[in-house]
>>> print(open('start.txt').read())   # compact mmCIF, C-alpha atoms and all ligand atoms
# COMPACT_ATOMS: atom_id res chain seq x y z
CA MET A 1 115.33 73.99 70.90
CA ARG A 2 118.79 75.53 70.52
CA VAL A 3 119.88 76.29 66.98
CA LEU A 4 123.31 77.35 65.69
CA ILE A 5 123.30 79.30 62.43
CA THR A 6 126.72 79.93 60.91
CA GLY A 7 126.53 82.91 58.57
CA GLY A 8 123.40 83.84 60.53
CA ALA A 9 124.05 87.57 60.17
CA GLY A 10 123.81 87.32 56.39
CA PHE A 11 120.71 87.68 54.23
CA LEU A 12 119.23 84.18 54.52
CA GLY A 13 120.66 83.58 58.00
CA SER A 14 118.99 86.69 59.40
CA HIS A 15 115.58 85.57 58.11
CA LEU A 16 116.19 82.03 59.37
CA SER A 17 117.04 83.51 62.78
CA ASP A 18 113.74 85.43 62.70
CA ALA A 19 111.87 82.20 61.95
CA PHE A 20 113.43 80.23 64.82
CA ILE A 21 113.02 83.12 67.27
CA ALA A 22 109.35 83.35 66.21
CA ARG A 23 108.98 79.61 66.96
CA GLY A 24 110.22 80.23 70.50
CA ASP A 25 113.65 78.66 69.99
CA GLU A 26 117.07 79.90 71.13
CA VAL A 27 119.39 81.00 68.31
CA PHE A 28 123.18 81.27 68.26
CA VAL A 29 124.57 83.09 65.26
CA LEU A 30 128.25 82.71 64.35
CA ASP A 31 129.31 85.24 61.76
CA THR A 32 132.30 87.42 60.89
CA GLY A 33 130.05 90.02 59.29
CA SER A 34 128.29 93.13 60.51
CA ILE A 35 125.28 93.10 62.85
CA VAL A 36 123.19 95.28 60.53
CA LYS A 37 120.87 92.50 59.32
CA VAL A 38 120.22 91.11 62.82
CA ARG A 39 120.20 94.38 64.78
CA HIS A 40 116.45 94.01 65.35
CA LEU A 41 117.12 90.76 67.22
CA LEU A 42 119.87 91.99 69.54
CA SER A 43 117.49 92.88 72.39
CA GLU A 44 115.88 89.42 72.26
CA PRO A 45 117.25 87.29 75.17
CA ARG A 46 116.96 84.07 73.10
CA PHE A 47 119.21 85.51 70.39
CA HIS A 48 123.00 85.35 70.74
CA TYR A 49 125.36 86.94 68.24
CA VAL A 50 128.89 85.52 68.26
CA HIS A 51 131.12 87.70 66.12
CA ASP A 52 133.73 85.15 65.10
CA SER A 53 134.77 82.76 62.37
CA ILE A 54 134.08 79.15 61.43
CA PHE A 55 137.88 78.79 61.61
CA ASN A 56 137.85 79.23 65.41
CA LEU A 57 137.83 75.51 66.28
CA GLU A 58 137.62 75.88 70.06
CA LEU A 59 134.63 78.19 69.78
CA ILE A 60 132.86 75.92 67.28
CA ASP A 61 133.36 72.94 69.56
CA GLY A 62 131.67 74.76 72.45
CA LEU A 63 128.78 76.03 70.33
CA VAL A 64 128.10 72.73 68.58
CA ALA A 65 128.16 70.87 71.90
CA LYS A 66 125.33 72.97 73.33
CA VAL A 67 122.89 73.17 70.42
CA ASP A 68 120.35 70.67 69.02
CA LEU A 69 120.49 71.64 65.35
CA ILE A 70 123.07 73.34 63.11
CA TYR A 71 122.52 75.35 59.95
CA HIS A 72 125.75 75.91 58.07
CA LEU A 73 125.23 79.00 55.91
CA ALA A 74 128.58 80.76 56.34
CA ALA A 75 130.21 81.01 52.92
CA VAL A 76 131.84 83.32 50.45
CA VAL A 77 128.91 84.16 48.18
CA GLY A 78 128.43 86.35 45.10
CA VAL A 79 129.96 86.37 41.65
CA GLU A 80 132.22 89.35 42.40
CA HIS A 81 133.83 87.35 45.23
CA TYR A 82 134.26 84.00 43.58
CA VAL A 83 135.63 85.53 40.42
CA GLY A 84 137.70 88.06 42.40
CA ASP A 85 138.99 85.88 45.25
CA PRO A 86 138.87 82.18 44.39
CA TYR A 87 141.27 81.29 47.24
CA GLU A 88 138.98 82.71 49.92
CA THR A 89 135.94 81.12 48.28
CA LEU A 90 137.51 77.67 48.30
CA ASN A 91 139.05 78.06 51.74
CA VAL A 92 135.87 79.19 53.53
CA ASN A 93 133.45 77.01 51.58
CA VAL A 94 135.51 73.81 51.70
CA ASN A 95 137.83 74.01 54.74
CA GLY A 96 135.41 76.05 56.85
CA THR A 97 132.62 73.58 56.09
CA GLN A 98 134.93 70.77 57.26
CA ASN A 99 135.27 72.43 60.65
CA ILE A 100 131.51 72.52 61.17
CA LEU A 101 130.89 68.97 59.91
CA LYS A 102 133.71 67.50 62.04
CA ALA A 103 132.38 69.12 65.21
CA ALA A 104 128.80 68.05 64.40
CA TYR A 105 129.99 64.47 63.86
CA LYS A 106 131.83 64.50 67.19
CA TYR A 107 128.61 65.48 69.04
CA SER A 108 126.16 63.64 66.69
CA LYS A 109 124.24 66.80 65.82
CA LYS A 110 122.14 67.32 62.71
CA VAL A 111 123.50 69.71 60.09
CA VAL A 112 121.60 71.47 57.30
CA PHE A 113 124.15 72.53 54.70
CA SER A 114 123.30 75.42 52.39
CA SER A 115 124.26 74.61 48.85
CA THR A 116 123.27 76.21 45.59
CA SER A 117 121.69 75.79 42.16
CA GLU A 118 125.21 76.55 40.92
CA VAL A 119 126.18 72.92 41.60
CA TYR A 120 124.29 71.89 38.44
CA GLY A 121 126.61 74.17 36.48
CA ARG A 122 125.51 74.64 32.91
CA ASN A 123 123.54 71.39 32.56
CA PRO A 124 121.19 72.31 29.67
CA LYS A 125 118.49 69.81 30.66
CA VAL A 126 116.10 71.79 32.87
CA PRO A 127 114.29 71.46 35.24
CA TRP A 128 117.03 70.05 37.44
CA LYS A 129 116.20 67.12 39.71
CA GLU A 130 118.41 66.64 42.75
CA ASP A 131 120.23 63.65 41.21
CA ASP A 132 120.87 65.29 37.85
CA ASP A 133 124.36 65.70 36.43
CA ARG A 134 126.73 68.51 37.22
CA VAL A 135 128.06 70.04 33.98
CA LEU A 136 130.97 72.38 34.57
CA GLY A 137 133.81 74.13 32.81
CA ALA A 138 137.55 73.87 33.31
CA THR A 139 139.25 74.41 36.67
CA THR A 140 141.37 77.12 35.05
CA ILE A 141 138.20 79.24 34.92
CA ASP A 142 137.69 80.76 38.40
CA ARG A 143 133.97 81.06 37.81
CA TRP A 144 133.47 77.36 38.62
CA CYS A 145 135.21 77.43 42.00
CA TYR A 146 132.04 78.39 43.91
CA SER A 147 130.04 75.55 42.36
CA THR A 148 132.86 73.12 43.06
CA SER A 149 133.39 74.35 46.62
CA LYS A 150 129.72 73.76 47.42
CA ALA A 151 129.75 70.36 45.69
CA VAL A 152 132.73 69.29 47.83
CA GLY A 153 130.77 70.39 50.89
CA GLU A 154 127.83 68.27 49.70
CA HIS A 155 130.04 65.21 49.15
CA PHE A 156 131.34 65.54 52.70
CA CYS A 157 127.76 65.85 53.98
CA PHE A 158 126.77 62.59 52.28
CA ALA A 159 129.96 60.91 53.48
CA TYR A 160 129.18 61.91 57.08
CA HIS A 161 125.61 60.71 56.59
CA LYS A 162 127.02 57.29 55.67
CA LEU A 163 128.93 57.42 58.95
CA GLY A 164 125.61 57.88 60.75
CA MET A 165 125.35 61.66 61.07
CA PRO A 166 121.96 63.26 60.24
CA VAL A 167 122.54 65.80 57.51
CA THR A 168 120.45 67.54 54.84
CA VAL A 169 121.66 69.52 51.84
CA VAL A 170 119.44 72.38 50.67
CA ARG A 171 120.13 73.92 47.26
CA PHE A 172 118.85 77.48 47.00
CA PHE A 173 117.67 78.99 43.70
CA ASN A 174 117.95 82.81 43.52
CA ILE A 175 116.45 83.80 46.84
CA TYR A 176 115.65 87.49 47.17
CA GLY A 177 113.95 89.80 49.63
CA PRO A 178 114.60 92.48 52.23
CA ARG A 179 118.22 92.55 53.55
CA LEU A 180 119.66 90.93 50.43
CA ASP A 181 123.26 92.14 50.04
CA ARG A 182 123.70 95.91 49.68
CA VAL A 183 122.31 97.92 46.80
CA ASP A 184 124.55 97.97 43.75
CA VAL A 185 126.40 94.77 44.65
CA GLY A 186 125.68 91.10 44.84
CA ARG A 187 122.71 89.76 43.03
CA LEU A 188 120.36 90.83 40.28
CA PHE A 189 117.71 92.40 42.50
CA THR A 190 120.17 94.57 44.45
CA ILE A 191 122.07 95.61 41.33
CA PHE A 192 118.84 96.78 39.63
CA MET A 193 117.60 98.37 42.87
CA GLY A 194 120.81 100.36 43.27
CA GLN A 195 120.56 101.55 39.68
CA LEU A 196 116.91 102.58 40.17
CA LEU A 197 117.67 104.50 43.37
CA ARG A 198 120.44 106.42 41.58
CA GLY A 199 118.31 107.01 38.47
CA ALA A 200 120.86 105.05 36.43
CA ASP A 201 120.03 102.62 33.64
CA LEU A 202 119.34 98.98 34.47
CA THR A 203 122.20 96.96 32.99
CA VAL A 204 120.91 93.78 31.40
CA ILE A 205 123.65 91.36 30.35
CA GLY A 206 123.44 90.06 26.78
CA ASP A 207 119.90 90.18 25.37
CA GLY A 208 118.38 89.42 28.80
CA SER A 209 116.79 86.16 27.63
CA GLN A 210 118.64 84.15 30.30
CA THR A 211 116.16 83.05 32.96
CA ARG A 212 116.11 82.78 36.74
CA CYS A 213 113.58 81.29 39.13
CA PHE A 214 113.24 83.95 41.80
CA THR A 215 112.14 82.73 45.22
CA TYR A 216 110.96 85.06 47.95
CA VAL A 217 112.90 84.69 51.15
CA THR A 218 110.03 83.70 53.48
CA ASP A 219 109.12 80.78 51.18
CA ALA A 220 112.76 79.63 51.13
CA VAL A 221 113.06 79.99 54.90
CA GLU A 222 109.90 77.95 55.53
CA ALA A 223 111.40 75.09 53.51
CA THR A 224 114.78 75.50 55.22
CA VAL A 225 113.23 75.28 58.68
CA GLN A 226 111.40 72.10 57.64
CA ALA A 227 114.63 70.63 56.25
CA GLY A 228 116.07 70.91 59.77
CA LEU A 229 113.03 69.63 61.66
CA ASN A 230 111.76 66.83 59.41
CA PRO A 231 113.75 63.60 59.90
CA LYS A 232 112.60 62.43 56.43
CA ALA A 233 114.98 65.05 55.02
CA ASP A 234 118.04 63.35 56.53
CA GLY A 235 120.49 62.15 53.90
CA GLN A 236 118.70 64.09 51.14
CA ALA A 237 119.57 66.94 48.81
CA ILE A 238 116.56 69.22 48.30
CA ASN A 239 116.09 71.98 45.74
CA ILE A 240 114.62 75.08 47.39
CA GLY A 241 112.96 77.39 44.91
CA VAL A 242 109.95 78.16 42.75
CA ASP A 243 109.88 76.60 39.29
CA VAL A 244 108.51 79.65 37.46
CA GLU A 245 111.06 80.98 34.97
CA THR A 246 111.48 84.71 34.47
CA SER A 247 113.91 86.20 31.99
CA VAL A 248 116.35 88.82 33.25
CA LEU A 249 114.79 91.28 30.80
CA GLU A 250 111.26 90.60 32.12
CA PHE A 251 112.57 91.08 35.65
CA ALA A 252 114.19 94.40 34.76
CA LYS A 253 110.90 95.55 33.19
CA LEU A 254 108.94 94.48 36.29
CA MET A 255 111.29 96.44 38.54
CA LEU A 256 111.01 99.51 36.33
CA GLU A 257 107.21 99.27 36.41
CA LEU A 258 106.98 98.76 40.18
CA PHE A 259 109.47 101.55 40.94
CA GLY A 260 107.20 104.13 39.32
CA PRO A 261 108.26 107.29 37.50
CA THR A 262 112.01 107.25 36.81
CA LYS A 263 114.51 108.34 34.22
CA SER A 264 116.17 104.87 34.34
CA LYS A 265 115.89 102.77 31.21
CA ILE A 266 117.11 99.33 30.20
CA LYS A 267 120.68 99.22 28.88
CA PHE A 268 122.08 96.06 27.30
CA VAL A 269 125.72 95.34 28.17
CA SER A 270 128.12 92.53 27.39
CA GLN A 271 129.09 90.00 30.01
CA GLU A 272 132.81 90.83 29.64
CA GLU A 273 132.08 94.49 30.41
CA VAL A 274 130.65 93.51 33.79
CA TYR A 275 132.60 90.45 34.91
CA GLY A 276 135.63 90.27 32.63
CA ASN A 277 136.57 87.09 30.82
CA SER A 278 136.42 84.60 33.67
CA TYR A 279 132.64 84.56 34.05
CA GLU A 280 130.16 82.44 32.13
CA ASP A 281 126.44 82.95 32.63
CA ILE A 282 123.99 80.04 32.82
CA PRO A 283 121.14 80.47 30.30
CA ARG A 284 118.44 78.66 32.32
CA ARG A 285 118.28 77.48 35.92
CA VAL A 286 115.04 75.78 36.92
CA PRO A 287 114.52 73.56 39.96
CA ASP A 288 112.39 70.47 40.00
CA ASN A 289 110.89 71.30 43.40
CA THR A 290 108.80 68.14 43.85
CA ARG A 291 110.90 67.08 46.83
CA MET A 292 110.48 70.46 48.53
CA ARG A 293 106.72 70.32 48.06
CA GLN A 294 106.16 66.62 48.83
CA LEU A 295 108.83 65.76 51.38
CA LEU A 296 108.93 69.09 53.21
CA GLY A 297 105.27 69.98 52.53
CA VAL A 298 106.15 73.54 51.50
CA GLU A 299 104.37 75.38 48.66
CA PRO A 300 105.87 78.73 47.64
CA ARG A 301 103.24 81.38 48.32
CA ILE A 302 104.68 84.74 47.30
CA SER A 303 104.44 85.73 43.62
CA LEU A 304 107.36 87.48 41.95
CA ARG A 305 105.34 90.69 41.62
CA GLU A 306 104.36 90.72 45.30
CA GLY A 307 107.83 89.71 46.52
CA THR A 308 109.53 92.31 44.34
CA ARG A 309 107.12 95.00 45.53
CA MET A 310 107.78 94.16 49.21
CA SER A 311 111.54 94.03 48.68
CA MET A 312 111.62 97.33 46.80
CA GLU A 313 109.61 98.99 49.54
CA TRP A 314 112.10 97.76 52.14
CA PHE A 315 115.15 98.95 50.16
CA ARG A 316 113.54 102.33 49.50
CA LYS A 317 112.93 102.85 53.25
CA GLU A 318 116.52 101.80 54.02
CA ALA A 319 117.83 104.28 51.47
CA GLN A 320 115.86 107.07 53.15
CA SER A 321 116.95 106.20 56.72
N1 LIG B 1 120.62 83.90 48.54
C1 LIG B 1 120.66 83.00 47.57
O1 LIG B 1 119.95 83.14 46.57
C2 LIG B 1 121.52 81.78 47.67
C3 LIG B 1 121.57 80.94 46.54
C4 LIG B 1 122.35 79.81 46.61
C5 LIG B 1 123.04 79.49 47.77
N2 LIG B 1 122.98 80.32 48.85
C6 LIG B 1 123.74 79.92 50.04
O2 LIG B 1 123.05 80.28 51.23
C7 LIG B 1 123.98 80.70 52.24
C8 LIG B 1 123.62 82.08 52.72
O3 LIG B 1 123.67 82.97 51.62
P1 LIG B 1 123.21 84.49 51.71
O4 LIG B 1 122.51 84.80 50.47
O5 LIG B 1 122.54 84.74 53.00
O6 LIG B 1 124.65 85.21 51.66
P2 LIG B 1 125.34 86.22 52.68
O7 LIG B 1 126.64 86.62 52.07
O8 LIG B 1 124.39 87.30 53.05
O9 LIG B 1 125.62 85.33 53.97
C9 LIG B 1 126.80 84.62 54.19
C10 LIG B 1 127.30 84.97 55.58
O10 LIG B 1 128.46 84.17 55.87
C11 LIG B 1 129.32 84.97 56.65
N3 LIG B 1 130.69 84.43 56.62
C12 LIG B 1 131.57 84.42 55.59
N4 LIG B 1 132.72 83.86 55.97
C13 LIG B 1 132.57 83.49 57.28
C14 LIG B 1 133.42 82.86 58.23
N5 LIG B 1 134.68 82.51 57.93
N6 LIG B 1 132.94 82.62 59.47
C15 LIG B 1 131.67 83.00 59.81
N7 LIG B 1 130.83 83.61 58.95
C16 LIG B 1 131.27 83.86 57.71
C17 LIG B 1 129.23 86.36 56.02
O11 LIG B 1 129.69 87.38 56.91
C18 LIG B 1 127.75 86.45 55.70
O12 LIG B 1 127.04 87.11 56.74
C19 LIG B 1 125.38 80.61 51.61
O13 LIG B 1 125.98 79.40 52.02
C20 LIG B 1 125.10 80.60 50.11
O14 LIG B 1 126.08 79.90 49.42
C21 LIG B 1 122.24 81.47 48.83
>>> encode(input="start.txt", output="structure tokens", more="lines below")
Ligand SMILES: NC(=O)c1ccc[n+]([C@@H]2O[C@H](COP(=O)([O-])OP(=O)(O)OC[C@H]3O[C@@H](n4cnc5c(N)ncnc54)[C@H](O)[C@@H]3O)[C@@H](O)[C@H]2O)c1
Amino acid sequence: MRVLITGGAGFLGSHLSDAFIARGDEVFVLDTGSIVKVRHLLSEPRFHYVHDSIFNLELIDGLVAKVDLIYHLAAVVGVEHYVGDPYETLNVNVNGTQNILKAAYKYSKKVVFSSTSEVYGRNPKVPWKEDDDRVLGATTIDRWCYSTSKAVGEHFCFAYHKLGMPVTVVRFFNIYGPRLDRVDVGRLFTIFMGQLLRGADLTVIGDGSQTRCFTYVTDAVEATVQAGLNPKADGQAINIGVDVETSVLEFAKLMLELFGPTKSKIKFVSQEEVYGNSYEDIPRRVPDNTRMRQLLGVEPRISLREGTRMSMEWFRKEAQS
């Protein structure tokens, strides 16, 4: 099988590429980013890295025509980006997504669209089922543009599905693991890891009681592969994540414990100090993952302790190399 992965040189895309290469498939990655996360695949003849953008329509047309399955992961991701550059977030996540969906429709190819737990916004009723409400703030607050951009992408996916195109929406919940972002930026794990490697304090926003459901990357990738291969997933939105809640404070303590002797401690900071006034944190995000388990047949296997240990080991080695 030939698979196109847009954003395939990113964190999730690189692991998804590994999974399809391991299955014996041929993988085409389209990404504007660096090759660092897929460098181990460059000598593999079934792996093709196309360093270009989802705004290159001619290129997309050619790639989509020759593959059997498309994963659309390319996006502007990360709070610092969507608070810092809302135009780019909306442009890539909405208009870029259009380019991929249009080409897939032209050639009747299946698309798996990577969406996010952020689409549920601040809906207080957890766990979130796929058809639950989206509860968001005002459009004058940049913080909501990422959620909205992904929700627009989802609406287009379902519209194309009505027109007969096979499409599946996967909503990821805090996926972490080796190759996630760079230390010090991006998401919680990499921010804490960067602080630990520098011997700095771990900055916990607020009182740290806000929770996340951390999902190890290989569990998420297994479900994502199934979302592409299982025809029962067509026309569905599927939450991808574990449903075990961990508070940010508990997570910081776990990382401190697993890191071993360090002078780092936990430091509580205000949200404004870190993100300014245009960010609003979500107190609890919990997936109802029944659909992932029953429809895709995937049970998350890696515990938070084990996944965090493996990720920390990887980042430590990277820091030494
Ligand atoms: N990791 C998570 O926990 C998580 C949670 C929710 C949603 N997601 C979604 O999963 C997908 C992958 O996320 P990730 O964590 O791997 O992030 P990532 O930033 O590592 O990957 C995104 C990739 O898209 C590429 N990209 C950006 N603009 C592009 C363009 N114009 N053309 C081609 N490539 C472009 C980037 O270079 C990057 O490699 C994203 O769509 C994201 O919204 C991830």
>>> closest_residue(input="start.txt", among="A:His81, A:Gly199, A:Asn56, A:Phe47", to="A:Gly260", atoms="all atoms listed in the file")
A:Gly199
>>> residues_near_ligand(input="start.txt", ligand="ligand LIG 1 (chain B)", cutoff="6 Å", atoms="all atoms listed in the file", output="count of residues only")
27
>>> closest_residue(input="start.txt", among="A:Gly62, A:Gly194, A:Gly307, A:Pro45", to="A:Tyr176", atoms="all atoms listed in the file")
A:Gly307
>>> atom_distance(input="start.txt", atom1="atom CA of A:His161", atom2="atom CA of A:Ala138")
29.3 Å
>>> residues_around(input="start.txt", residues="stretch 235-239 of chain A", least_positions_apart="4", cutoff="10 Å", atoms="only C-alpha atoms", output="ChimeraX atom specification")
/A:112-117,128-131,154,157-162,164-173,220,223-224,227,231,286-293,295-296
>>> atom_distance(input="start.txt", atom1="atom CA of A:Val204", atom2="atom CA of A:Met312")
18.3 Å
>>> residues_around(input="start.txt", residues="A:Phe315", least_positions_apart="6", cutoff="12 Å", atoms="all atoms listed in the file", output="list in words")
Tyr176, Gly177, Pro178, Arg179, Leu180, Asp181, Arg182, Val183, Asp184, Phe189, Thr190, Ile191, Phe192, Met193, Gly194, Leu196, Leu197, Phe259, Thr308, Arg309 and Ser321 of chain A
>>> closest_residue(input="start.txt", among="A:Ala151, A:Ala252, A:Val79, A:Val3", to="A:Val185", atoms="all atoms listed in the file")
A:Val79
>>> atom_distance(input="start.txt", atom1="atom CA of A:Val83", atom2="atom CA of A:Arg143")
5.4 Å
>>> residues_around(input="start.txt", residues="A:Arg23", least_positions_apart="5", cutoff="10 Å", atoms="only C-alpha atoms", output="ChimeraX atom specification")
/A:1,17-18
>>> residues_around(input="start.txt", residues="A:Lys253", least_positions_apart="4", cutoff="10 Å", atoms="only C-alpha atoms", output="PyMOL selection string")
chain A and resi 202+247-249+257-259+265-266
>>> residues_around(input="start.txt", residues="stretch 297-306 of chain A", least_positions_apart="6", cutoff="8 Å", atoms="all atoms listed in the file", output="PyMOL selection string")
chain A and resi 214-216+219-220+222-223+241-242+254
>>> closest_residue(input="start.txt", among="A:Gln226, A:Ser209, A:Thr218, A:Ser264", to="A:Glu245", atoms="only C-alpha atoms")
A:Ser209
>>> residues_near_point(input="start.txt", point="(139.8, 79.8, 46.1)", cutoff="12 Å", atoms="only C-alpha atoms", output="VMD selection string")
chain A and resid 75 to 77 81 to 95 139 to 150
>>> axis_aligned_box(input="start.txt", around="stretch 221-224 of chain A", padding_each_side="4 Å", output="AutoDock Vina command-line options")
--center_x 112.3 --center_y 77.5 --center_z 54.5 --size_x 12.9 --size_y 12.9 --size_z 10.0
>>> closest_residue(input="start.txt", among="A:Asp52, A:Asp68, A:Glu118, A:Asp61", to="A:Ile282", atoms="only C-alpha atoms")
A:Glu118
>>> closest_residue(input="start.txt", among="A:Asp281, A:Thr211, A:Glu318, A:Gly96", to="A:Leu136", atoms="all atoms listed in the file")
A:Asp281
